[in-house]
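Data file: data29.pdb. Format and content: PDB, C-alpha atoms.
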ATOM      1  CA  MET A   1      99.729 151.546  94.385
ATOM      2  CA  PRO A   2      96.026 152.017  93.671
ATOM      3  CA  GLY A   3      94.318 150.408  90.708
ATOM      4  CA  ASN A   4      94.074 146.944  89.299
ATOM      5  CA  ILE A   5      96.652 144.349  90.215
ATOM      6  CA  THR A   6      98.248 142.835  87.136
ATOM      7  CA  SER A   7     100.150 139.595  86.835
ATOM      8  CA  ALA A   8     103.853 139.712  87.474
ATOM      9  CA  ALA A   9     106.204 139.823  84.523
ATOM     10  CA  GLU A  10     109.103 137.389  84.754
ATOM     11  CA  VAL A  11     112.053 136.944  82.425
ATOM     12  CA  THR A  12     112.490 133.181  82.066
ATOM     13  CA  HIS A  13     115.436 132.905  79.663
ATOM     14  CA  ILE A  14     118.038 135.161  78.047
ATOM     15  CA  SER A  15     120.104 134.104  75.029
ATOM     16  CA  LYS A  16     122.385 135.924  72.607
ATOM     17  CA  HIS A  17     119.338 136.362  70.322
ATOM     18  CA  GLY A  18     116.829 137.789  72.810
ATOM     19  CA  PHE A  19     114.846 136.919  75.900
ATOM     20  CA  TRP A  20     111.577 135.299  76.927
ATOM     21  CA  LEU A  21     109.096 137.035  79.198
ATOM     22  CA  LEU A  22     106.333 135.230  81.088
ATOM     23  CA  LEU A  23     103.097 137.202  81.598
ATOM     24  CA  GLY A  24     100.594 135.047  83.445
ATOM     25  CA  ASP A  25     100.283 131.949  81.247
ATOM     26  CA  GLU A  26     101.658 133.632  78.105
ATOM     27  CA  GLU A  27     105.333 133.539  77.175
ATOM     28  CA  LEU A  28     106.583 136.249  74.822
ATOM     29  CA  HIS A  29     109.873 136.371  72.944
ATOM     30  CA  LEU A  30     111.711 139.677  72.533
ATOM     31  CA  PRO A  31     114.420 139.221  69.892
ATOM     32  CA  PHE A  32     117.217 141.776  70.144
ATOM     33  CA  ASP A  33     117.000 142.604  66.427
ATOM     34  CA  GLN A  34     113.414 143.832  66.951
ATOM     35  CA  PHE A  35     113.959 145.264  70.449
ATOM     36  CA  PRO A  36     117.503 146.723  70.259
ATOM     37  CA  TRP A  37     117.201 148.652  73.539
ATOM     38  CA  PHE A  38     117.944 145.401  75.378
ATOM     39  CA  LYS A  39     120.924 144.136  73.328
ATOM     40  CA  GLN A  40     123.617 145.765  75.496
ATOM     41  CA  ALA A  41     121.649 145.592  78.759
ATOM     42  CA  THR A  42     122.823 143.601  81.750
ATOM     43  CA  VAL A  43     120.911 140.589  83.064
ATOM     44  CA  ASP A  44     119.802 142.699  86.045
ATOM     45  CA  GLN A  45     118.506 145.473  83.761
ATOM     46  CA  ILE A  46     116.532 142.996  81.632
ATOM     47  CA  THR A  47     115.096 141.050  84.567
ATOM     48  CA  THR A  48     113.985 144.164  86.466
ATOM     49  CA  VAL A  49     110.656 144.655  84.715
ATOM     50  CA  GLU A  50     107.404 146.121  86.005
ATOM     51  CA  HIS A  51     103.896 145.343  84.739
ATOM     52  CA  PRO A  52     101.884 148.347  85.956
ATOM     53  CA  ALA A  53      98.916 147.870  83.583
ATOM     54  CA  PRO A  54      97.568 145.053  81.401
ATOM     55  CA  ASP A  55      99.147 146.408  78.189
ATOM     56  CA  HIS A  56     102.147 148.169  79.742
ATOM     57  CA  LEU A  57     105.621 146.931  80.644
ATOM     58  CA  TYR A  58     108.406 149.106  82.051
ATOM     59  CA  TRP A  59     112.120 148.483  82.564
ATOM     60  CA  PRO A  60     113.077 151.265  85.033
ATOM     61  CA  SER A  61     116.865 150.983  84.811
ATOM     62  CA  LEU A  62     116.690 151.210  81.006
ATOM     63  CA  ASP A  63     113.786 153.705  80.919
ATOM     64  CA  VAL A  64     112.043 151.507  78.343
ATOM     65  CA  ASP A  65     108.239 151.420  78.115
ATOM     66  CA  LEU A  66     106.588 148.870  75.844
ATOM     67  CA  SER A  67     103.053 147.918  75.004
ATOM     68  CA  VAL A  68     102.430 144.192  75.392
ATOM     69  CA  ASN A  69     100.753 144.321  71.974
ATOM     70  CA  SER A  70     103.962 145.688  70.444
ATOM     71  CA  ILE A  71     105.727 142.528  71.642
ATOM     72  CA  ARG A  72     102.984 140.235  70.377
ATOM     73  CA  ARG A  73     102.867 141.951  66.961
ATOM     74  CA  PRO A  74     106.021 144.067  66.470
ATOM     75  CA  ALA A  75     105.339 144.508  62.738
ATOM     76  CA  ASP A  76     102.206 146.523  63.601
ATOM     77  CA  PHE A  77     104.266 149.167  65.431
TER      78      PHE A  77
END
Please express the file's structure as structure tokens.
Amino acid sequence: MPGNITSAAEVTHISKHGFWLLLGDEELHLPFDQFPWFKQATVDQITTVEHPAPDHLYWPSLDVDLSVNSIRRPADF
């Protein structure tokens, strides 16, 4: 894939309240009450995440696209 190489996105922990996503040296929390698309998802669906651009995350099996900034500051979106 042409373009800039971004750091890999890795899900590090899943709980009944949400999950934690590691982007480089930053760990982000996605609580299910703020990101309801993931609440009924399987572990495989949540952990299969792509990071195609610096501010873009994509979960292909859920067809969910999110801005990294929307995870950092969900109240702004």
- List, as an NGL selection string, every residue that the PyMOL selection byres ((chain A and resi 29) around 12) selects in the file provided. :A and (10-15 or 17-23 or 26-28 or 30-35 or 68 or 70-74)
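Our summary of the geometry notes that CA of Ser7 (chain A) is positioned 17.5 Å from CA of Ile46 (chain A).
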- Message: I need the output of the PyMOL selection byres ((chain A and resi 55) around 6) for this file as an NGL selection string; which residues are they?
- Response: :A and (53-54 or 56 or 67-68)
Could you give me the axis-aligned bounding box of region 31-44 of chain A, with 4 Å of padding per side, as centre plus edge lengths in Å to one decimal, as AutoDock Vina command-line options?
--center_x 118.5 --center_y 143.9 --center_z 76.2 --size_x 18.2 --size_y 17.4 --size_z 27.6
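Note on the selection: in this file the PyMOL selection byres ((chain A and resi 61) around 12) comes out as Trp37, Phe38, Ala41, Thr42, Val43, Asp44, Gln45, Ile46, Thr47, Thr48, Val49, Glu50, Tyr58, Trp59, Pro60, Leu62, Asp63, Val64 and Asp65 of chain A.
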